[in-house]
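**Q** File follows, protein21.pdb with PDB, C-alpha atoms:
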```pdb
ATOM      1  CA  MET A1057     -30.391 -59.458-124.392  1.00  0.00           C
ATOM      2  CA  ALA A1058     -33.227 -57.162-123.365  1.00  0.00           C
ATOM      3  CA  ARG A1059     -33.736 -53.922-125.246  1.00  0.00           C
ATOM      4  CA  ILE A1060     -35.952 -50.926-124.547  1.00  0.00           C
ATOM      5  CA  ASP A1061     -35.813 -48.578-127.492  1.00  0.00           C
ATOM      6  CA  TYR A1062     -37.951 -45.449-127.369  1.00  0.00           C
ATOM      7  CA  THR A1063     -36.283 -43.687-130.286  1.00  0.00           C
ATOM      8  CA  ASP A1064     -37.870 -42.790-133.590  1.00  0.00           C
ATOM      9  CA  ASP A1065     -35.400 -42.730-136.456  1.00  0.00           C
ATOM     10  CA  TYR A1066     -38.111 -41.736-138.960  1.00  0.00           C
ATOM     11  CA  ARG A1067     -39.931 -38.862-137.281  1.00  0.00           C
ATOM     12  CA  ASP A1068     -37.084 -37.325-135.299  1.00  0.00           C
ATOM     13  CA  PRO A1069     -33.864 -39.304-134.886  1.00  0.00           C
ATOM     14  CA  ARG A1070     -32.654 -36.640-132.466  1.00  0.00           C
ATOM     15  CA  LYS A1071     -34.832 -37.657-129.518  1.00  0.00           C
ATOM     16  CA  GLY A1072     -35.440 -40.759-127.485  1.00  0.00           C
ATOM     17  CA  ILE A1073     -34.075 -43.216-124.947  1.00  0.00           C
ATOM     18  CA  ARG A1074     -32.410 -46.555-125.603  1.00  0.00           C
ATOM     19  CA  ASN A1075     -31.506 -49.017-122.832  1.00  0.00           C
ATOM     20  CA  ILE A1076     -29.911 -52.361-123.650  1.00  0.00           C
ATOM     21  CA  LEU A1077     -29.155 -55.061-121.086  1.00  0.00           C
ATOM     22  CA  TYR A1078     -26.761 -57.797-122.238  1.00  0.00           C
ATOM     23  CA  LEU A1079     -25.964 -61.133-120.625  1.00  0.00           C
ATOM     24  CA  ASP A1080     -22.917 -62.891-122.030  1.00  0.00           C
ATOM     25  CA  LYS A1081     -21.918 -66.329-120.720  1.00  0.00           C
ATOM     26  CA  GLN A1082     -18.243 -67.304-120.999  1.00  0.00           C
ATOM     27  CA  THR A1083     -17.740 -71.045-120.557  1.00  0.00           C
ATOM     28  CA  ALA A1084     -14.295 -72.513-119.838  1.00  0.00           C
ATOM     29  CA  SER A1085     -12.882 -74.786-122.517  1.00  0.00           C
ATOM     30  CA  SER A1086     -10.298 -76.265-120.123  1.00  0.00           C
ATOM     31  CA  SER A1087      -9.813 -76.630-116.373  1.00  0.00           C
ATOM     32  CA  SER A1088      -7.268 -73.798-116.351  1.00  0.00           C
ATOM     33  CA  GLU A1089      -9.772 -71.260-117.752  1.00  0.00           C
ATOM     34  CA  PRO A1090     -12.552 -69.464-115.847  1.00  0.00           C
ATOM     35  CA  SER A1091     -16.307 -69.598-116.428  1.00  0.00           C
ATOM     36  CA  PHE A1092     -18.114 -66.300-115.870  1.00  0.00           C
ATOM     37  CA  ASP A1093     -21.127 -64.215-116.829  1.00  0.00           C
ATOM     38  CA  VAL A1094     -20.898 -60.620-118.023  1.00  0.00           C
ATOM     39  CA  ILE A1095     -23.862 -58.314-117.419  1.00  0.00           C
ATOM     40  CA  THR A1096     -23.760 -55.000-119.305  1.00  0.00           C
ATOM     41  CA  ASN A1097     -26.274 -52.175-119.018  1.00  0.00           C
ATOM     42  CA  ASP A1098     -26.002 -49.492-121.728  1.00  0.00           C
ATOM     43  CA  LEU A1099     -28.228 -46.382-121.487  1.00  0.00           C
ATOM     44  CA  GLN A1100     -28.361 -43.731-124.229  1.00  0.00           C
ATOM     45  CA  VAL A1101     -30.456 -40.554-124.117  1.00  0.00           C
ATOM     46  CA  TYR A1102     -30.975 -38.344-127.194  1.00  0.00           C
ATOM     47  CA  ILE A1103     -32.186 -34.763-126.704  1.00  0.00           C
ATOM     48  CA  PRO A1104     -32.935 -32.297-129.549  1.00  0.00           C
ATOM     49  CA  PHE A1105     -30.828 -29.153-129.247  1.00  0.00           C
ATOM     50  CA  LEU A1106     -31.064 -25.955-131.280  1.00  0.00           C
ATOM     51  CA  GLU A1107     -32.743 -26.327-134.685  1.00  0.00           C
ATOM     52  CA  LYS A1108     -31.068 -29.450-136.088  1.00  0.00           C
ATOM     53  CA  SER A1109     -28.613 -30.640-133.478  1.00  0.00           C
ATOM     54  CA  THR A1110     -28.646 -33.293-130.766  1.00  0.00           C
ATOM     55  CA  LEU A1111     -27.211 -33.821-127.313  1.00  0.00           C
ATOM     56  CA  VAL A1112     -26.416 -37.463-126.534  1.00  0.00           C
ATOM     57  CA  PHE A1113     -25.675 -38.940-123.110  1.00  0.00           C
ATOM     58  CA  ASN A1114     -24.364 -42.489-122.713  1.00  0.00           C
ATOM     59  CA  LEU A1115     -23.847 -44.382-119.451  1.00  0.00           C
ATOM     60  CA  THR A1116     -22.568 -47.977-119.427  1.00  0.00           C
ATOM     61  CA  PHE A1117     -21.923 -50.394-116.559  1.00  0.00           C
ATOM     62  CA  SER A1118     -20.449 -53.831-117.174  1.00  0.00           C
ATOM     63  CA  ASN A1119     -19.588 -56.469-114.565  1.00  0.00           C
ATOM     64  CA  ALA A1120     -18.132 -59.976-114.729  1.00  0.00           C
ATOM     65  CA  TYR A1121     -19.380 -62.573-112.239  1.00  0.00           C
ATOM     66  CA  VAL A1122     -17.098 -65.617-111.979  1.00  0.00           C
ATOM     67  CA  GLN A1123     -18.758 -69.017-111.568  1.00  0.00           C
ATOM     68  CA  LYS A1124     -15.513 -71.011-111.623  1.00  0.00           C
ATOM     69  CA  GLU A1125     -11.988 -69.615-111.370  1.00  0.00           C
ATOM     70  CA  GLY A1126      -9.263 -70.724-113.735  1.00  0.00           C
ATOM     71  CA  GLU A1127      -5.577 -71.207-112.880  1.00  0.00           C
ATOM     72  CA  THR A1128      -4.526 -68.496-110.388  1.00  0.00           C
ATOM     73  CA  ASP A1129      -1.116 -69.792-109.242  1.00  0.00           C
ATOM     74  CA  LEU A1130       1.256 -67.084-110.473  1.00  0.00           C
ATOM     75  CA  GLU A1131       4.258 -69.463-110.510  1.00  0.00           C
ATOM     76  CA  VAL A1132       2.440 -71.809-112.907  1.00  0.00           C
ATOM     77  CA  LEU A1133       1.329 -68.901-115.101  1.00  0.00           C
ATOM     78  CA  ILE A1134       4.845 -67.412-115.237  1.00  0.00           C
ATOM     79  CA  GLN A1135       6.114 -70.697-116.695  1.00  0.00           C
ATOM     80  CA  GLU A1136       3.425 -70.559-119.410  1.00  0.00           C
ATOM     81  CA  SER A1137       3.807 -66.835-120.232  1.00  0.00           C
ATOM     82  CA  PRO A1138       6.587 -64.957-122.011  1.00  0.00           C
ATOM     83  CA  THR A1139       6.440 -62.009-119.559  1.00  0.00           C
ATOM     84  CA  LEU A1140       5.539 -61.382-115.930  1.00  0.00           C
ATOM     85  CA  GLU A1141       2.988 -58.743-116.975  1.00  0.00           C
ATOM     86  CA  LEU A1142       1.170 -61.233-119.208  1.00  0.00           C
ATOM     87  CA  ALA A1143       1.172 -63.817-116.392  1.00  0.00           C
ATOM     88  CA  ILE A1144      -0.375 -61.270-113.996  1.00  0.00           C
ATOM     89  CA  ASN A1145      -3.017 -60.310-116.595  1.00  0.00           C
ATOM     90  CA  THR A1146      -3.862 -63.999-117.111  1.00  0.00           C
ATOM     91  CA  MET A1147      -4.108 -64.513-113.341  1.00  0.00           C
ATOM     92  CA  ASN A1148      -6.515 -61.548-113.022  1.00  0.00           C
ATOM     93  CA  PHE A1149      -8.603 -62.845-115.938  1.00  0.00           C
ATOM     94  CA  ASN A1150      -8.748 -66.340-114.432  1.00  0.00           C
ATOM     95  CA  LYS A1151      -9.719 -64.987-111.015  1.00  0.00           C
ATOM     96  CA  HIS A1152     -12.110 -62.122-111.905  1.00  0.00           C
ATOM     97  CA  GLY A1153     -13.170 -62.645-115.529  1.00  0.00           C
ATOM     98  CA  THR A1154     -13.391 -59.676-117.879  1.00  0.00           C
ATOM     99  CA  SER A1155     -16.246 -57.300-118.625  1.00  0.00           C
ATOM    100  CA  LEU A1156     -16.864 -54.966-121.557  1.00  0.00           C
ATOM    101  CA  PHE A1157     -13.619 -53.428-122.820  1.00  0.00           C
ATOM    102  CA  LEU A1158     -12.848 -49.745-123.336  1.00  0.00           C
ATOM    103  CA  GLY A1159     -11.125 -48.451-126.449  1.00  0.00           C
ATOM    104  CA  GLY A1160     -12.099 -48.735-130.085  1.00  0.00           C
ATOM    105  CA  PRO A1161     -14.870 -47.171-132.171  1.00  0.00           C
ATOM    106  CA  ASP A1162     -17.593 -47.227-129.480  1.00  0.00           C
ATOM    107  CA  ARG A1163     -16.046 -46.416-126.081  1.00  0.00           C
ATOM    108  CA  LEU A1164     -12.953 -44.252-125.447  1.00  0.00           C
ATOM    109  CA  ARG A1165     -12.529 -43.733-129.173  1.00  0.00           C
ATOM    110  CA  SER A1166      -9.040 -42.235-128.970  1.00  0.00           C
ATOM    111  CA  TYR A1167      -7.617 -45.570-127.763  1.00  0.00           C
ATOM    112  CA  PRO A1168      -7.097 -48.786-129.751  1.00  0.00           C
ATOM    113  CA  GLN A1169      -9.658 -51.608-129.659  1.00  0.00           C
ATOM    114  CA  GLN A1170      -9.764 -53.403-126.275  1.00  0.00           C
ATOM    115  CA  ARG A1171      -7.054 -51.134-124.799  1.00  0.00           C
ATOM    116  CA  PHE A1172      -8.516 -51.316-121.279  1.00  0.00           C
ATOM    117  CA  GLN A1173     -10.041 -54.480-119.795  1.00  0.00           C
ATOM    118  CA  GLY A1174     -11.003 -55.583-116.304  1.00  0.00           C
ATOM    119  CA  ALA A1175     -13.709 -57.383-114.388  1.00  0.00           C
ATOM    120  CA  HIS A1176     -15.737 -54.161-113.990  1.00  0.00           C
ATOM    121  CA  THR A1177     -16.248 -51.270-116.409  1.00  0.00           C
ATOM    122  CA  LEU A1178     -17.832 -47.838-116.018  1.00  0.00           C
ATOM    123  CA  TYR A1179     -18.188 -45.510-119.013  1.00  0.00           C
ATOM    124  CA  PHE A1180     -19.797 -42.097-119.505  1.00  0.00           C
ATOM    125  CA  ALA A1181     -19.957 -39.993-122.658  1.00  0.00           C
ATOM    126  CA  THR A1182     -21.702 -36.866-123.801  1.00  0.00           C
ATOM    127  CA  GLU A1183     -21.863 -35.672-127.406  1.00  0.00           C
ATOM    128  CA  PHE A1184     -22.999 -32.619-129.288  1.00  0.00           C
ATOM    129  CA  ARG A1185     -24.041 -33.625-132.825  1.00  0.00           C
ATOM    130  CA  TRP A1186     -24.401 -30.725-135.246  1.00  0.00           C
ATOM    131  CA  ASN A1187     -26.418 -31.700-138.340  1.00  0.00           C
ATOM    132  CA  PHE A1188     -26.383 -29.851-141.626  1.00  0.00           C
ATOM    133  CA  SER A1189     -28.821 -30.690-144.418  1.00  0.00           C
ATOM    134  CA  ALA A1190     -28.694 -29.220-147.936  1.00  0.00           C
ATOM    135  CA  SER A1191     -32.206 -30.610-148.527  1.00  0.00           C
ATOM    136  CA  ASP A1192     -33.522 -27.633-146.536  1.00  0.00           C
ATOM    137  CA  GLY A1193     -32.263 -25.278-149.258  1.00  0.00           C
ATOM    138  CA  ASP A1194     -28.940 -24.545-147.560  1.00  0.00           C
ATOM    139  CA  LYS A1195     -25.733 -25.146-149.485  1.00  0.00           C
ATOM    140  CA  ILE A1196     -22.447 -26.412-148.189  1.00  0.00           C
ATOM    141  CA  ASP A1197     -19.984 -23.990-149.711  1.00  0.00           C
ATOM    142  CA  LEU A1198     -16.676 -24.887-148.139  1.00  0.00           C
ATOM    143  CA  PHE A1199     -13.459 -24.815-150.144  1.00  0.00           C
ATOM    144  CA  PHE A1200     -12.958 -28.599-150.185  1.00  0.00           C
ATOM    145  CA  MET A1201     -16.605 -29.792-149.970  1.00  0.00           C
ATOM    146  CA  GLN A1202     -18.411 -27.572-152.441  1.00  0.00           C
ATOM    147  CA  ASP A1203     -21.200 -29.481-154.287  1.00  0.00           C
ATOM    148  CA  LEU A1204     -19.986 -32.838-152.924  1.00  0.00           C
ATOM    149  CA  ILE A1205     -22.370 -33.571-150.052  1.00  0.00           C
ATOM    150  CA  ASP A1206     -25.983 -32.893-149.090  1.00  0.00           C
ATOM    151  CA  GLU A1207     -25.890 -34.077-145.472  1.00  0.00           C
ATOM    152  CA  MET A1208     -23.189 -33.608-142.871  1.00  0.00           C
ATOM    153  CA  GLN A1209     -22.825 -34.234-139.152  1.00  0.00           C
ATOM    154  CA  VAL A1210     -20.061 -32.990-136.897  1.00  0.00           C
ATOM    155  CA  ALA A1211     -19.801 -34.515-133.425  1.00  0.00           C
ATOM    156  CA  LEU A1212     -17.933 -33.103-130.468  1.00  0.00           C
ATOM    157  CA  PHE A1213     -17.690 -35.524-127.578  1.00  0.00           C
ATOM    158  CA  PHE A1214     -16.340 -36.013-124.073  1.00  0.00           C
ATOM    159  CA  GLU A1215     -15.723 -39.529-122.764  1.00  0.00           C
ATOM    160  CA  GLN A1216     -14.618 -40.887-119.424  1.00  0.00           C
ATOM    161  CA  GLY A1217     -14.168 -44.513-118.451  1.00  0.00           C
ATOM    162  CA  SER A1218     -12.634 -46.786-115.892  1.00  0.00           C
ATOM    163  CA  VAL A1219     -11.901 -50.506-115.564  1.00  0.00           C
ATOM    164  CA  SER A1220     -10.996 -52.405-112.417  1.00  0.00           C
ATOM    165  CA  GLU A1221     -10.666 -55.912-111.078  1.00  0.00           C
ATOM    166  CA  THR A1222     -12.877 -54.995-108.098  1.00  0.00           C
ATOM    167  CA  LYS A1223     -15.998 -52.815-107.971  1.00  0.00           C
ATOM    168  CA  SER A1224     -14.659 -50.820-105.011  1.00  0.00           C
ATOM    169  CA  GLU A1225     -11.709 -49.551-107.103  1.00  0.00           C
ATOM    170  CA  LEU A1226     -13.846 -48.575-110.103  1.00  0.00           C
TER     171      LEU A1226
END
```
Output the structure of this file as structure tokens.
**A**
Amino acid sequence: MARIDYTDDYRDPRKGIRNILYLDKQTASSSSEPSFDVITNDLQVYIPFLEKSTLVFNLTFSNAYVQKEGETDLEVLIQESPTLELAINTMNFNKHGTSLFLGGPDRLRSYPQQRFQGAHTLYFATEFRWNFSASDGDKIDLFFMQDLIDEMQVALFFEQGSVSETKSEL
């Protein structure tokens, strides 16, 4: 993993750039499984907006590079799988590998964990983070949160992502 982190959580956590490059090696445990490398590049940019708020941009690319294919004969995989769909998914995994998934708490948050997987992933998100701090003398005086919290953040976000077995279809 290589990480470039030009953010400052102490002086102003609302500004900075973070770029993380991951290399994940997947080694086959049997002759029917693939061996592949996954390279993921995750870029996040934080920009102060208004008095206390932040704009966040996130761009992620992830690609699997197969060193050795696993079992790709669909007839063999159908015999080992309960459904045709699962056999096809296993064939794609054995042929192309799998990159970073979409879905879950970090990417495409409205979908369950690992909802979308493929050999190649592209993800883009933008967020508006509105920060409220009672330490500045302001008070949160909402019906259900009166005197309960000193700090609050509300985030509005837009996310878009795609997964594919080939880069050209991404």
**Q** If we count only C-alpha atoms, what is near stretch 1143-1152 of chain A at a cut-off of 8 Å, once residues fewer than 4 positions away on the same chain are taken out, given as a ChimeraX atom specification?
**A** /A:1088-1090,1120-1122,1125-1130,1133-1134,1136-1139,1174-1175,1221
**Q** If the PyMOL selection byres ((chain A and resi 1061) around 9) is run on the structure shown, which residues does it catch, given as a PyMOL selection string?
**A** chain A and resi 1059-1060+1062-1064+1072-1076
**Q** Can you write just those residues out, C-alpha atoms, as an mmCIF file, in the coordinates of the input?
**A**
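Okay, result_37.cif is ready:
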```cif
data_model
loop_
_atom_site.group_PDB
_atom_site.id
_atom_site.type_symbol
_atom_site.label_atom_id
_atom_site.label_comp_id
_atom_site.auth_asym_id
_atom_site.auth_seq_id
_atom_site.Cartn_x
_atom_site.Cartn_y
_atom_site.Cartn_z
ATOM 1 C CA ARG A 1059 -33.736 -53.922 -125.246
ATOM 2 C CA ILE A 1060 -35.952 -50.926 -124.547
ATOM 3 C CA TYR A 1062 -37.951 -45.449 -127.369
ATOM 4 C CA THR A 1063 -36.283 -43.687 -130.286
ATOM 5 C CA ASP A 1064 -37.870 -42.790 -133.590
ATOM 6 C CA GLY A 1072 -35.440 -40.759 -127.485
ATOM 7 C CA ILE A 1073 -34.075 -43.216 -124.947
ATOM 8 C CA ARG A 1074 -32.410 -46.555 -125.603
ATOM 9 C CA ASN A 1075 -31.506 -49.017 -122.832
ATOM 10 C CA ILE A 1076 -29.911 -52.361 -123.650
#
```
**Q** Measuring between all atoms listed in the file, which one of A:Arg1165, A:Lys1124, A:His1176, A:Lys1081 shows the shortest distance to A:Ser1218?
**A** A:His1176
**Q** What does the distance from atom CA of A:Leu1111 to atom CA of A:Ser1220 come to in Å, to one decimal?
**A**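 Going from atom CA of A:Leu1111 over to atom CA of A:Ser1220 covers 28.8 Å.
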**Q** Please measure the separation of atom CA of A:Thr1182 and atom CA of A:Gln1170, giving the value in Å to one decimal.
**A**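 Distance reported for this atom pair: 20.5 Å.
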**Q** Can you measure atom CA of A:Pro1168 to atom CA of A:Val1101 for me? One decimal in Å is fine.
**A**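 Interatomic distance here is 25.4 Å.
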**Q** I'd like the contact shell of A:Tyr1078 - 12 Å cut-off, all atoms listed in the file, skipping same-chain residues fewer than 2 positions apart - returned as a ChimeraX atom specification.
**A** /A:1057-1060,1075-1076,1080-1081,1093-1099,1116-1120,1155-1156
**Q** Between A:Phe1214, A:Gln1100, A:Leu1106, A:Thr1222, single out the one closest to A:Glu1183, counting all atoms listed in the file.
**A** A:Phe1214
**Q** Name the closest residue to A:Val1219 among the candidates A:Ser1087, A:Asn1187, A:Thr1154, A:Gln1169; distances are taken between atoms, counting all atoms listed in the file.
**A**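 The closest residue to A:Val1219 is A:Thr1154.
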**Q** Find, counting only C-alpha atoms, the residue in A:Phe1213, A:Leu1140, A:Ser1189, A:Gln1123 that gets nearest to A:Gly1153.
**A**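 Of A:Phe1213, A:Leu1140, A:Ser1189, A:Gln1123, the one nearest A:Gly1153 is A:Gln1123, counting only C-alpha atoms.
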**Q** Which residues come within 8 Å of A:Gly1217, counting all atoms listed in the file, excluding same-chain residues fewer than 4 positions away, as a VMD selection string?
**A** chain A and resid 1158 1164 1177 to 1180
**Q** How would you write as a count of residues only the residues that get within 6 Å of (-16.4, -66.7, -120.4) in the file's frame, counting only C-alpha atoms?
**A** 5
